[in-house]
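Okay, model01.cif is below, mmCIF, C-alpha atoms and all ligand atoms:
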data_coords
loop_
_atom_site.label_atom_id
_atom_site.label_comp_id
_atom_site.auth_asym_id
_atom_site.auth_seq_id
_atom_site.Cartn_x
_atom_site.Cartn_y
_atom_site.Cartn_z
CA MET A 17 12.98 -8.53 -25.87
CA GLY A 18 12.47 -12.25 -25.55
CA ALA A 19 15.71 -13.85 -26.89
CA SER A 20 17.99 -13.82 -23.84
CA TYR A 21 18.07 -12.34 -20.35
CA SER A 22 20.49 -10.24 -18.35
CA ALA A 23 19.91 -9.28 -14.69
CA VAL A 24 19.13 -5.66 -15.55
CA GLY A 25 19.21 -4.24 -19.08
CA TRP A 26 20.85 -0.96 -18.08
CA ASN A 27 21.34 1.69 -20.71
CA ARG A 28 22.34 5.35 -20.35
CA GLN A 29 18.76 6.52 -19.89
CA LYS A 30 18.03 3.89 -17.22
CA LYS A 31 21.24 4.73 -15.36
CA ILE A 32 20.33 8.42 -15.23
CA TYR A 33 16.82 7.53 -14.10
CA ASP A 34 18.13 5.22 -11.37
CA TRP A 35 20.53 7.89 -10.14
CA ILE A 36 17.66 10.36 -9.89
CA ILE A 37 15.57 7.83 -7.89
CA PHE A 38 18.52 6.97 -5.64
CA SER A 39 19.47 10.62 -4.97
CA PHE A 40 15.85 11.56 -4.28
CA CYS A 41 15.50 8.70 -1.74
CA VAL A 42 18.75 9.64 0.03
CA VAL A 43 17.80 13.34 0.19
CA TYR A 44 14.28 12.51 1.41
CA LEU A 45 15.47 10.13 4.15
CA ALA A 46 18.25 12.48 5.29
CA THR A 47 15.87 15.47 5.43
CA PHE A 48 13.28 13.45 7.35
CA ILE A 49 15.86 12.22 9.87
CA VAL A 50 17.38 15.70 10.40
CA LEU A 51 13.97 17.39 10.77
CA THR A 52 12.81 14.74 13.25
CA ALA A 53 16.02 15.15 15.25
CA ILE A 54 15.34 18.90 15.46
CA PHE A 55 11.59 18.89 16.12
CA ASN A 56 11.08 15.53 17.89
CA PRO A 57 14.42 14.75 19.56
CA ASP A 58 12.77 12.18 21.88
CA TYR A 59 11.95 9.79 18.97
CA THR A 60 14.06 6.62 18.89
CA PHE A 61 16.19 5.86 15.82
CA GLU A 62 13.92 2.88 15.01
CA THR A 63 10.81 5.08 15.02
CA VAL A 64 12.48 7.63 12.73
CA LEU A 65 13.50 4.85 10.37
CA ILE A 66 10.02 3.30 10.42
CA ARG A 67 8.38 6.65 9.67
CA SER A 68 10.83 7.97 7.10
CA THR A 69 10.81 4.77 5.05
CA SER A 70 7.01 4.34 5.22
CA THR A 71 6.25 7.87 4.05
CA LEU A 72 8.86 7.68 1.27
CA ALA A 73 7.52 4.31 0.06
CA VAL A 74 3.93 5.56 0.07
CA LEU A 75 4.98 8.63 -1.92
CA ILE A 76 6.73 6.42 -4.51
CA LEU A 77 3.70 4.10 -4.60
CA HIS A 78 1.49 7.03 -5.56
CA VAL A 79 3.92 8.02 -8.33
CA ILE A 80 3.97 4.41 -9.62
CA LEU A 81 0.19 4.19 -9.71
CA SER A 82 -0.11 7.59 -11.45
CA ILE A 83 2.23 6.75 -14.32
CA GLY A 84 -0.26 4.50 -16.19
CA PRO A 85 -3.09 7.04 -16.46
CA LEU A 86 -0.65 9.92 -17.02
CA THR A 87 0.80 8.24 -20.12
CA ARG A 88 -2.71 7.76 -21.45
CA LEU A 89 -3.33 11.48 -20.99
CA ASN A 90 0.02 12.73 -22.31
CA LYS A 91 2.75 10.94 -24.28
CA LYS A 92 5.46 12.98 -22.52
CA PHE A 93 5.14 10.63 -19.52
CA PHE A 94 6.26 7.53 -21.48
CA PRO A 95 9.89 7.70 -20.22
CA LEU A 96 8.55 7.27 -16.67
CA LEU A 97 6.70 4.14 -17.72
CA TYR A 98 9.80 2.73 -19.42
CA ASN A 99 11.47 2.59 -16.00
CA ARG A 100 8.47 1.94 -13.77
CA ARG A 101 9.74 -1.45 -12.64
CA HIS A 102 12.90 0.08 -11.18
CA LEU A 103 10.69 2.42 -9.19
CA GLY A 104 8.61 -0.55 -7.98
CA VAL A 105 11.63 -2.56 -6.82
CA THR A 106 13.04 0.55 -5.09
CA MET A 107 9.72 1.04 -3.29
CA PHE A 108 9.74 -2.59 -2.15
CA CYS A 109 13.31 -2.34 -0.76
CA ILE A 110 12.39 0.80 1.18
CA ILE A 111 9.16 -0.60 2.62
CA LEU A 112 10.96 -3.83 3.56
CA VAL A 113 13.07 -1.74 5.96
CA HIS A 114 9.85 -0.28 7.41
CA GLY A 115 8.23 -3.73 7.83
CA ALA A 116 11.40 -5.31 9.26
CA PHE A 117 11.90 -2.53 11.82
CA GLY A 118 8.16 -2.57 12.63
CA ILE A 119 8.43 -6.27 13.48
CA LEU A 120 11.75 -5.78 15.32
CA GLN A 121 10.51 -2.89 17.42
CA PHE A 122 7.04 -4.21 18.26
CA HIS A 123 7.26 -8.01 18.06
CA SER A 124 10.77 -9.30 18.61
CA LEU A 125 11.27 -8.72 22.33
CA GLY A 126 8.77 -11.26 23.71
CA ASN A 127 9.02 -15.05 23.79
CA VAL A 128 6.58 -15.51 20.87
CA ASN A 129 7.78 -15.87 17.28
CA PRO A 130 7.67 -12.29 15.84
CA PHE A 131 5.48 -13.36 12.91
CA VAL A 132 3.03 -15.09 15.25
CA SER A 133 3.10 -12.04 17.52
CA LEU A 134 2.27 -9.82 14.51
CA PHE A 135 -1.11 -11.58 14.21
CA THR A 136 -1.82 -12.46 17.86
CA SER A 137 -0.48 -9.63 20.03
CA ASN A 138 -3.64 -7.70 19.19
CA THR A 139 -6.72 -9.79 18.41
CA HIS A 140 -9.30 -7.02 18.13
CA TYR A 141 -10.12 -8.06 14.58
CA ASP A 142 -13.75 -7.05 15.18
CA SER A 143 -12.94 -3.47 16.21
CA ILE A 144 -12.27 -0.50 13.96
CA ALA A 145 -10.64 1.63 16.67
CA ASP A 146 -8.25 -1.14 17.78
CA PHE A 147 -7.89 -3.19 14.58
CA PRO A 148 -4.49 -4.99 14.25
CA PHE A 149 -3.46 -2.70 11.40
CA GLN A 150 0.03 -4.16 11.11
CA ALA A 151 -1.40 -7.41 9.70
CA LEU A 152 -2.77 -5.40 6.74
CA GLY A 153 0.68 -3.93 6.14
CA PHE A 154 2.13 -7.44 6.24
CA PHE A 155 -0.20 -8.68 3.47
CA ALA A 156 0.55 -5.60 1.37
CA LEU A 157 4.26 -6.28 1.84
CA ILE A 158 3.81 -9.90 0.63
CA ILE A 159 2.13 -8.62 -2.55
CA PHE A 160 4.94 -6.10 -3.15
CA PHE A 161 7.47 -8.87 -2.53
CA LEU A 162 5.84 -11.15 -5.15
CA MET A 163 5.73 -8.26 -7.61
CA ALA A 164 9.35 -7.29 -6.98
CA ILE A 165 10.75 -10.81 -7.40
CA THR A 166 8.74 -11.41 -10.60
CA SER A 167 9.46 -7.97 -12.06
CA HIS A 168 12.09 -9.33 -14.47
CA ASP A 169 11.12 -10.26 -18.05
CA PHE A 170 12.33 -13.81 -17.32
CA TRP A 171 9.21 -14.23 -15.15
CA LEU A 172 6.99 -12.42 -17.63
CA HIS A 173 7.81 -15.04 -20.27
CA ASN A 174 7.80 -18.04 -17.95
CA LEU A 175 4.55 -17.18 -16.17
CA SER A 176 2.96 -15.96 -19.47
CA PRO A 177 2.05 -12.27 -19.93
CA LYS A 178 -1.56 -12.96 -18.83
CA ILE A 179 -0.68 -14.49 -15.43
CA TRP A 180 2.09 -11.95 -14.91
CA LYS A 181 -0.28 -9.07 -15.61
CA THR A 182 -2.93 -10.55 -13.28
CA LEU A 183 -0.36 -10.88 -10.50
CA HIS A 184 0.77 -7.30 -10.99
CA MET A 185 -2.81 -6.02 -10.95
CA PHE A 186 -2.80 -7.06 -7.28
CA VAL A 187 -0.97 -3.78 -6.72
CA TYR A 188 -4.42 -2.20 -6.39
CA LEU A 189 -5.33 -4.62 -3.58
CA ALA A 190 -1.98 -3.86 -1.96
CA TYR A 191 -2.70 -0.15 -2.27
CA PHE A 192 -6.08 -0.63 -0.58
CA LEU A 193 -4.41 -2.62 2.24
CA VAL A 194 -1.84 0.16 2.66
CA VAL A 195 -4.56 2.83 2.88
CA MET A 196 -6.36 0.79 5.57
CA HIS A 197 -3.04 0.02 7.36
CA VAL A 198 -2.29 3.72 7.61
CA MET A 199 -5.82 4.89 8.44
CA LEU A 200 -6.48 2.28 11.12
CA GLY A 201 -2.95 2.61 12.49
CA VAL A 202 -3.01 6.38 12.72
CA ILE A 203 -6.29 6.26 14.70
CA GLN A 204 -4.39 4.24 17.31
CA TYR A 205 -1.04 5.96 17.71
CA GLU A 206 -1.39 9.51 16.35
CA THR A 207 -3.30 12.57 17.38
CA ASN A 208 -2.12 14.54 14.35
CA PRO A 209 -4.46 13.86 11.37
CA VAL A 210 -1.81 14.81 8.77
CA PHE A 211 -1.21 11.18 7.63
CA ILE A 212 -4.94 10.60 7.12
CA ILE A 213 -5.32 13.85 5.16
CA ILE A 214 -2.32 13.03 2.93
CA MET A 215 -3.64 9.50 2.29
CA ILE A 216 -7.11 10.82 1.36
CA ILE A 217 -5.65 13.45 -1.00
CA GLY A 218 -3.42 10.76 -2.55
CA ALA A 219 -6.31 8.33 -3.03
CA ILE A 220 -8.58 11.01 -4.55
CA THR A 221 -5.81 12.08 -6.94
CA LEU A 222 -5.22 8.49 -8.07
CA ILE A 223 -8.92 7.69 -8.53
CA SER A 224 -9.46 10.93 -10.49
CA LEU A 225 -6.47 10.29 -12.77
CA HIS A 226 -7.67 6.75 -13.51
CA LEU A 227 -11.23 7.97 -14.19
CA VAL A 228 -10.16 10.82 -16.51
CA ALA A 229 -7.77 8.55 -18.46
CA GLY A 230 -10.38 5.76 -18.68
CA LEU A 231 -13.06 8.16 -19.96
CA LYS A 232 -10.66 9.56 -22.56
CA GLU A 233 -9.94 6.05 -23.91
CA ALA A 234 -13.62 5.07 -23.84
CA ARG A 235 -14.52 8.19 -25.85
CA LYS A 236 -11.91 7.32 -28.50
CA ASP A 237 -13.13 3.71 -28.68
CA LYS A 238 -16.74 4.81 -29.22
CA ILE A 239 -16.11 6.54 -32.58
CA ASN A 240 -18.26 4.88 -35.23
CA TYR A 241 -16.76 4.16 -38.63
CA ASN A 242 -19.87 3.96 -40.81
CA LEU A 243 -18.48 4.29 -44.31
CA LYS A 244 -17.84 0.70 -45.47
CA GLU A 245 -16.88 -0.81 -48.82
CA GLU A 246 -15.97 -4.43 -49.65
CA GLY A 247 -14.91 -5.22 -46.09
CA PHE A 248 -12.88 -1.97 -45.77
CA VAL A 249 -13.85 0.85 -43.43
CA PHE A 250 -13.03 4.51 -44.05
CA VAL A 251 -10.94 5.69 -41.08
CA CYS A 252 -9.19 9.02 -41.88
CA GLY A 253 -7.40 11.16 -44.44
CA VAL A 254 -3.82 10.25 -45.43
CA THR A 255 -2.44 13.55 -44.09
CA GLU A 256 -3.87 12.89 -40.63
CA ILE A 257 -1.13 10.32 -40.01
CA GLU A 258 2.37 11.73 -39.45
CA GLU A 259 5.44 10.12 -41.06
CA SER A 260 6.88 7.31 -38.84
CA ARG A 261 3.86 7.57 -36.53
CA ALA A 262 0.44 5.95 -36.35
CA LYS A 263 -3.19 6.58 -35.62
CA ILE A 264 -5.18 4.04 -33.63
CA PHE A 265 -8.68 2.98 -34.68
CA CYS A 266 -11.01 0.87 -32.57
CA ILE A 267 -13.20 -1.23 -34.86
CA ASP A 268 -15.38 -4.10 -33.58
CA LYS A 269 -13.71 -3.67 -30.15
CA GLU A 270 -10.21 -4.30 -31.58
CA ARG A 271 -7.63 -1.52 -31.61
CA ILE A 272 -5.60 -1.36 -34.81
CA ALA A 273 -2.60 0.90 -35.43
CA VAL A 274 -2.09 2.32 -38.93
CA TYR A 275 1.51 3.44 -39.44
CA LYS A 276 2.96 5.73 -42.12
CA HIS A 277 6.46 4.71 -43.20
CA GLU A 278 8.38 5.76 -46.33
CA ASP A 279 5.35 6.56 -48.52
CA LYS A 280 3.39 3.52 -47.42
CA LEU A 281 0.75 2.70 -44.81
CA TYR A 282 0.81 -0.50 -42.73
CA ALA A 283 -1.69 -1.79 -40.18
CA ILE A 284 -0.93 -4.00 -37.18
CA HIS A 285 -2.72 -5.00 -33.98
CA ASN A 286 -2.24 -2.25 -31.40
CA VAL A 287 -1.39 -4.54 -28.46
CA CYS A 288 2.30 -5.21 -27.74
CA LYS A 289 3.21 -8.82 -26.91
CA HIS A 290 5.35 -7.74 -23.97
CA GLN A 291 2.88 -6.17 -21.55
CA GLY A 292 0.10 -4.99 -23.81
CA GLY A 293 1.56 -1.54 -24.52
CA PRO A 294 -0.17 0.61 -27.21
CA LEU A 295 1.96 0.06 -30.32
CA GLY A 296 0.17 2.85 -32.19
CA GLU A 297 1.49 5.38 -29.66
CA GLY A 298 5.08 4.47 -30.47
CA LYS A 299 7.10 5.46 -33.53
CA ILE A 300 9.25 3.89 -36.23
CA ILE A 301 12.89 3.64 -35.22
CA ASP A 302 15.45 1.97 -37.53
CA GLY A 303 12.60 0.75 -39.74
CA CYS A 304 10.76 -0.94 -36.84
CA ILE A 305 7.56 -0.02 -35.05
CA THR A 306 8.83 0.58 -31.51
CA CYS A 307 6.57 0.12 -28.50
CA PRO A 308 6.47 3.28 -26.37
CA TRP A 309 6.46 1.34 -23.10
CA HIS A 310 9.71 -0.67 -23.11
CA GLY A 311 10.91 -0.59 -26.70
CA TYR A 312 9.87 -3.98 -28.16
CA GLN A 313 10.07 -3.75 -31.96
CA TYR A 314 8.01 -5.09 -34.87
CA LEU A 315 8.48 -4.83 -38.64
CA PRO A 316 5.62 -2.83 -40.18
CA GLN A 317 5.16 -5.15 -43.17
CA ASN A 318 4.66 -8.39 -41.19
CA GLY A 319 4.24 -7.54 -37.48
CA GLN A 320 7.26 -9.75 -36.61
CA SER A 321 10.00 -8.74 -34.22
CA PRO A 322 13.32 -8.60 -36.07
CA PRO A 323 15.52 -11.73 -35.54
CA PRO A 324 16.59 -13.15 -33.12
CA PHE A 325 13.36 -12.07 -31.37
CA LYS A 326 10.20 -14.08 -31.91
CA GLU A 327 7.25 -11.89 -30.91
CA MET A 328 4.54 -11.40 -33.57
CA VAL A 329 1.30 -9.44 -33.85
CA ASN A 330 -1.63 -9.60 -36.31
CA THR A 331 -1.43 -7.60 -39.50
CA TYR A 332 -4.30 -6.04 -41.51
CA ASP A 333 -4.98 -4.82 -45.02
CA VAL A 334 -5.05 -1.12 -45.63
CA LYS A 335 -5.68 0.80 -48.86
CA VAL A 336 -5.58 4.41 -50.04
CA LYS A 337 -8.15 5.91 -52.42
CA ASP A 338 -8.37 9.66 -53.22
CA ASN A 339 -6.13 10.45 -50.25
CA LYS A 340 -8.46 8.55 -47.91
CA VAL A 341 -7.36 5.65 -45.72
CA TRP A 342 -9.47 2.48 -45.73
CA LEU A 343 -8.81 -0.31 -43.26
CA ASN A 344 -9.99 -3.93 -43.33
CA PRO A 345 -10.54 -5.00 -39.68
CA MET A 346 -10.24 -8.75 -40.50
CA PRO A 347 -6.92 -9.78 -38.90
CA TYR A 348 -4.32 -11.91 -40.65
CA ALA A 349 -2.53 -14.51 -38.55
CA GLU A 350 0.24 -13.05 -36.38
CA GLY A 351 3.35 -12.31 -38.40
CA THR A 352 1.64 -12.50 -41.85
CA GLU A 353 3.41 -10.45 -44.52
CA ARG A 354 1.21 -7.66 -46.01
CA PRO A 355 2.36 -5.33 -48.77
CA GLY A 356 1.04 -2.11 -47.19
CA ALA A 357 -0.67 0.66 -49.22
CA ASN A 358 1.13 3.17 -51.45
CA ILE A 359 0.28 6.73 -50.50
CA ARG A 360 1.10 8.26 -53.88
C1 LIG B 1 5.21 -6.42 7.83
C2 LIG B 1 4.67 -5.33 7.36
C3 LIG B 1 4.44 -4.05 8.12
C4 LIG B 1 4.54 -3.80 9.47
C5 LIG B 1 4.91 -4.74 10.58
C6 LIG B 1 4.24 -2.40 9.64
C7 LIG B 1 4.21 -1.75 10.87
C8 LIG B 1 3.87 -0.45 11.07
C9 LIG B 1 3.85 0.20 12.34
C10 LIG B 1 4.21 -0.45 13.65
C11 LIG B 1 3.45 1.48 12.13
C12 LIG B 1 3.30 2.55 13.19
C13 LIG B 1 4.64 3.18 13.31
C14 LIG B 1 4.70 4.31 14.33
O1 LIG B 1 4.39 4.07 15.49
O2 LIG B 1 5.10 5.40 13.92
C15 LIG B 1 3.22 1.64 10.71
C16 LIG B 1 2.82 2.81 10.11
C17 LIG B 1 2.81 3.01 8.75
N1 LIG B 1 3.03 2.06 7.78
FE1 LIG B 1 3.48 0.12 8.11
N2 LIG B 1 3.98 -1.84 8.42
C18 LIG B 1 4.08 -2.82 7.47
C19 LIG B 1 3.90 -2.65 6.11
C20 LIG B 1 3.65 -1.46 5.49
C21 LIG B 1 3.54 -1.27 4.07
C22 LIG B 1 3.65 -2.39 3.03
C23 LIG B 1 3.32 0.06 3.85
C24 LIG B 1 3.19 0.82 2.55
C25 LIG B 1 3.73 0.53 1.39
C26 LIG B 1 3.31 0.71 5.13
C27 LIG B 1 3.12 2.06 5.31
C28 LIG B 1 2.96 2.67 6.54
C29 LIG B 1 2.70 4.08 6.72
C30 LIG B 1 2.58 5.14 5.60
C31 LIG B 1 2.59 4.30 8.09
C32 LIG B 1 2.28 5.65 8.77
C33 LIG B 1 3.52 6.41 8.98
C34 LIG B 1 4.33 5.83 10.10
O3 LIG B 1 3.96 6.02 11.25
O4 LIG B 1 5.35 5.18 9.81
N3 LIG B 1 3.50 -0.25 6.10
N4 LIG B 1 3.48 0.46 10.10
S1 LIG B 2 7.60 -3.14 -24.84
FE1 LIG B 2 6.67 -3.49 -22.95
S2 LIG B 2 4.62 -3.35 -23.48
FE2 LIG B 2 5.57 -3.06 -25.33
#
For this file, produce the structure as structure tokens.
Amino acid sequence: MGASYSAVGWNRQKKIYDWIIFSFCVVYLATFIVLTAIFNPDYTFETVLIRSTSTLAVLILHVILSIGPLTRLNKKFFPLLYNRRHLGVTMFCIILVHGAFGILQFHSLGNVNPFVSLFTSNTHYDSIADFPFQALGFFALIIFFLMAITSHDFWLHNLSPKIWKTLHMFVYLAYFLVVMHVMLGVIQYETNPVFIIIMIIGAITLISLHLVAGLKEARKDKINYNLKEEGFVFVCGVTEIEESRAKIFCIDKERIAVYKHEDKLYAIHNVCKHQGGPLGEGKIIDGCITCPWHGYQYLPQNGQSPPPFKEMVNTYDVKVKDNKVWLNPMPYAEGTERPGANIR
């Protein structure tokens, strides 16, 4: 959370996760290199490196872009999201090798600066069949570079969560550039359509996942809460909320999380101050509402992060009548103490 920074906040879970990523990458690259040596012994080492790293990075990129919608469809995927940044930085390091060897192999042997050669060795910018596809890869690489170097929370706080989030949304532009880089490139140097087929399947899978998850959220947000009384809105029965967990209600376009904790109900704004994670999908750990994305914590009674942290979210009034939960959607200022509602 926001009080101090260390280079990487490794814990046991993150270490295991990083080992799994590292081992997978090593096994993938080794398998690719061995299989190419057997089936295409005439390929140079540079070509094998360019191809093995590019396919691995694109595979990881698809996993990264699937994690968001998957967590919205099933809470079991939250641990993947907790460590998504490590996956992103790993992907960048791998694709950097691809880009560097691409430039070395195709642009470093002439008397023109390799970066100038990247944009000028092929100037068929008006042709689809001969388009200088490597330039698209270069721009995608720049976006991944900016995302990788700003992936630390230090940058999140210094750039502000809004700017940081906007920058990181450029991943979708980068993805589009990668798809075009591969499609236009493969037309030029491959007769085997396998790369194009894999890219199309990957893109369809990603678009479908995003659509299904978006529709699910939109359906939840559309529920109308018509029963109103003195500013309070009837939202659900007391037993519908599990102990130490919450239910999220979208009222007047704001999502509010109502938590049950030690015979009381508390309501706070659903949006985490870190990266906008859904607080109502977390749980109470050590008396604190804990964000399911990266573990930021807030006290249920006032929406404040426990000292020394300083994050705060809005709180709301909630009351219980005849085992029914009523919520007042008027927010209190961030961090305002509210007594909560007794269940019994
Ligand atoms: C400076 C940036 C880049 C350069 C110079 C570059 C260069 C190249 C070249 C020369 C090829 C054809 C390789 C061959 O003949 O086999 C290629 C293919 C490919 N590139 Fe890039 N690339 C760059 C960035 C990227 C990025 C950012 C991605 C994805 C994250 C990517 C993914 C791919 C893929 C999947 C292929 C097809 C598989 C292959 O043949 O390696 N490239 N790139
Ligand atoms: S902890 Fe990262 S979004 Fe909540």
Could I get the residues of chain A with an atom no further than 9 Å from an atom of ligand LIG 1 (chain B), each paired with its nearest atom pair and that distance in Å to one decimal, using all atoms listed in the file, sorted by chain and residue number, as a Markdown table?
| residue | atom | partner | partner_atom | distance |
| --- | --- | --- | --- | --- |
| A:Thr63 | CA | B:LIG1 | O2 | 5.8 |
| A:Val64 | CA | B:LIG1 | O2 | 7.8 |
| A:Leu65 | CA | B:LIG1 | O4 | 8.2 |
| A:Ile66 | CA | B:LIG1 | O4 | 5.1 |
| A:Arg67 | CA | B:LIG1 | O4 | 3.4 |
| A:Ser68 | CA | B:LIG1 | O4 | 6.7 |
| A:Thr69 | CA | B:LIG1 | O4 | 7.3 |
| A:Ser70 | CA | B:LIG1 | C27 | 4.5 |
| A:Thr71 | CA | B:LIG1 | C30 | 4.8 |
| A:Leu72 | CA | B:LIG1 | C30 | 8.0 |
| A:Ala73 | CA | B:LIG1 | C25 | 5.5 |
| A:Val74 | CA | B:LIG1 | C25 | 5.2 |
| A:Leu75 | CA | B:LIG1 | C30 | 8.6 |
| A:Ile76 | CA | B:LIG1 | C25 | 8.9 |
| A:Leu77 | CA | B:LIG1 | C25 | 7.0 |
| A:Met107 | CA | B:LIG1 | C25 | 7.6 |
| A:Phe108 | CA | B:LIG1 | C25 | 7.6 |
| A:Ile110 | CA | B:LIG1 | C25 | 8.7 |
| A:Ile111 | CA | B:LIG1 | C25 | 5.7 |
| A:Leu112 | CA | B:LIG1 | C22 | 7.5 |
| A:His114 | CA | B:LIG1 | N2 | 6.2 |
| A:Gly115 | CA | B:LIG1 | C3 | 3.8 |
| A:Ala116 | CA | B:LIG1 | C1 | 6.4 |
| A:Phe117 | CA | B:LIG1 | C5 | 7.4 |
| A:Gly118 | CA | B:LIG1 | C7 | 4.4 |
| A:Ile119 | CA | B:LIG1 | C5 | 4.8 |
| A:Leu120 | CA | B:LIG1 | C5 | 8.4 |
| A:Gln121 | CA | B:LIG1 | C10 | 7.7 |
| A:Phe122 | CA | B:LIG1 | C10 | 6.6 |
| A:His123 | CA | B:LIG1 | C5 | 8.5 |
| A:Phe131 | CA | B:LIG1 | C1 | 8.6 |
| A:Leu134 | CA | B:LIG1 | C5 | 6.9 |
| A:Phe149 | CA | B:LIG1 | C8 | 7.7 |
| A:Gln150 | CA | B:LIG1 | C6 | 4.8 |
| A:Ala151 | CA | B:LIG1 | C2 | 6.8 |
| A:Leu152 | CA | B:LIG1 | C19 | 7.2 |
| A:Gly153 | CA | B:LIG1 | C19 | 3.5 |
| A:Phe154 | CA | B:LIG1 | C2 | 3.5 |
| A:Phe155 | CA | B:LIG1 | C2 | 7.1 |
| A:Ala156 | CA | B:LIG1 | C22 | 4.8 |
| A:Leu157 | CA | B:LIG1 | C22 | 4.1 |
| A:Ile158 | CA | B:LIG1 | C22 | 7.9 |
| A:Ile159 | CA | B:LIG1 | C22 | 8.5 |
| A:Phe160 | CA | B:LIG1 | C22 | 7.3 |
| A:Ala190 | CA | B:LIG1 | C22 | 7.7 |
| A:Tyr191 | CA | B:LIG1 | C25 | 7.4 |
| A:Leu193 | CA | B:LIG1 | C22 | 8.1 |
| A:Val194 | CA | B:LIG1 | C24 | 5.1 |
| A:Val195 | CA | B:LIG1 | C30 | 8.0 |
| A:His197 | CA | B:LIG1 | N1 | 6.4 |
| A:Val198 | CA | B:LIG1 | C31 | 4.9 |
| A:Met199 | CA | B:LIG1 | C32 | 8.1 |
| A:Gly201 | CA | B:LIG1 | C16 | 6.2 |
| A:Val202 | CA | B:LIG1 | C32 | 6.6 |
| A:Gln204 | CA | B:LIG1 | C12 | 8.9 |
| A:Tyr205 | CA | B:LIG1 | O1 | 6.2 |
| A:Glu206 | CA | B:LIG1 | O1 | 8.0 |
| A:Phe211 | CA | B:LIG1 | C32 | 6.6 |
| A:Ile212 | CA | B:LIG1 | C32 | 8.9 |
| A:Met215 | CA | B:LIG1 | C30 | 8.3 |
Mind giving me the axis-aligned box for ligand LIG 2 (chain B) with 5 Å on every side, centre plus edges in Å to one decimal, as AutoDock Vina command-line options?
--center_x 6.1 --center_y -3.3 --center_z -24.1 --size_x 13.0 --size_y 10.4 --size_z 12.4
Rounded to one decimal, what separation in Å do you get between atom CA of A:Ala219 and atom CA of A:Pro85?
13.9 Å
Pick the closest to ligand LIG 2 (chain B) from A:Ile305, A:Leu175, A:Ala234, A:Val79: which is it, counting only C-alpha atoms and all ligand atoms?
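With only C-alpha atoms and all ligand atoms as the atom set, the closest residue is A:Ile305.
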Please write out the residues within 10 Å of ligand LIG 2 (chain B) as a JSON list (two decimals) with C-alpha atoms, in the coordinates of the input, counting all atoms listed in the file.
[["chain", "number", "residue", "atom", "x", "y", "z"],
["A", 17, "MET", "CA", 12.98, -8.53, -25.87],
["A", 97, "LEU", "CA", 6.70, 4.14, -17.72],
["A", 98, "TYR", "CA", 9.80, 2.73, -19.42],
["A", 169, "ASP", "CA", 11.12, -10.26, -18.05],
["A", 177, "PRO", "CA", 2.05, -12.27, -19.93],
["A", 286, "ASN", "CA", -2.24, -2.25, -31.40],
["A", 287, "VAL", "CA", -1.39, -4.54, -28.46],
["A", 288, "CYS", "CA", 2.30, -5.21, -27.74],
["A", 289, "LYS", "CA", 3.21, -8.82, -26.91],
["A", 290, "HIS", "CA", 5.35, -7.74, -23.97],
["A", 291, "GLN", "CA", 2.88, -6.17, -21.55],
["A", 292, "GLY", "CA", 0.10, -4.99, -23.81],
["A", 293, "GLY", "CA", 1.56, -1.54, -24.52],
["A", 294, "PRO", "CA", -0.17, 0.61, -27.21],
["A", 295, "LEU", "CA", 1.96, 0.06, -30.32],
["A", 298, "GLY", "CA", 5.08, 4.47, -30.47],
["A", 306, "THR", "CA", 8.83, 0.58, -31.51],
["A", 307, "CYS", "CA", 6.57, 0.12, -28.50],
["A", 308, "PRO", "CA", 6.47, 3.28, -26.37],
["A", 309, "TRP", "CA", 6.46, 1.34, -23.10],
["A", 310, "HIS", "CA", 9.71, -0.67, -23.11],
["A", 311, "GLY", "CA", 10.91, -0.59, -26.70],
["A", 312, "TYR", "CA", 9.87, -3.98, -28.16],
["A", 313, "GLN", "CA", 10.07, -3.75, -31.96]]
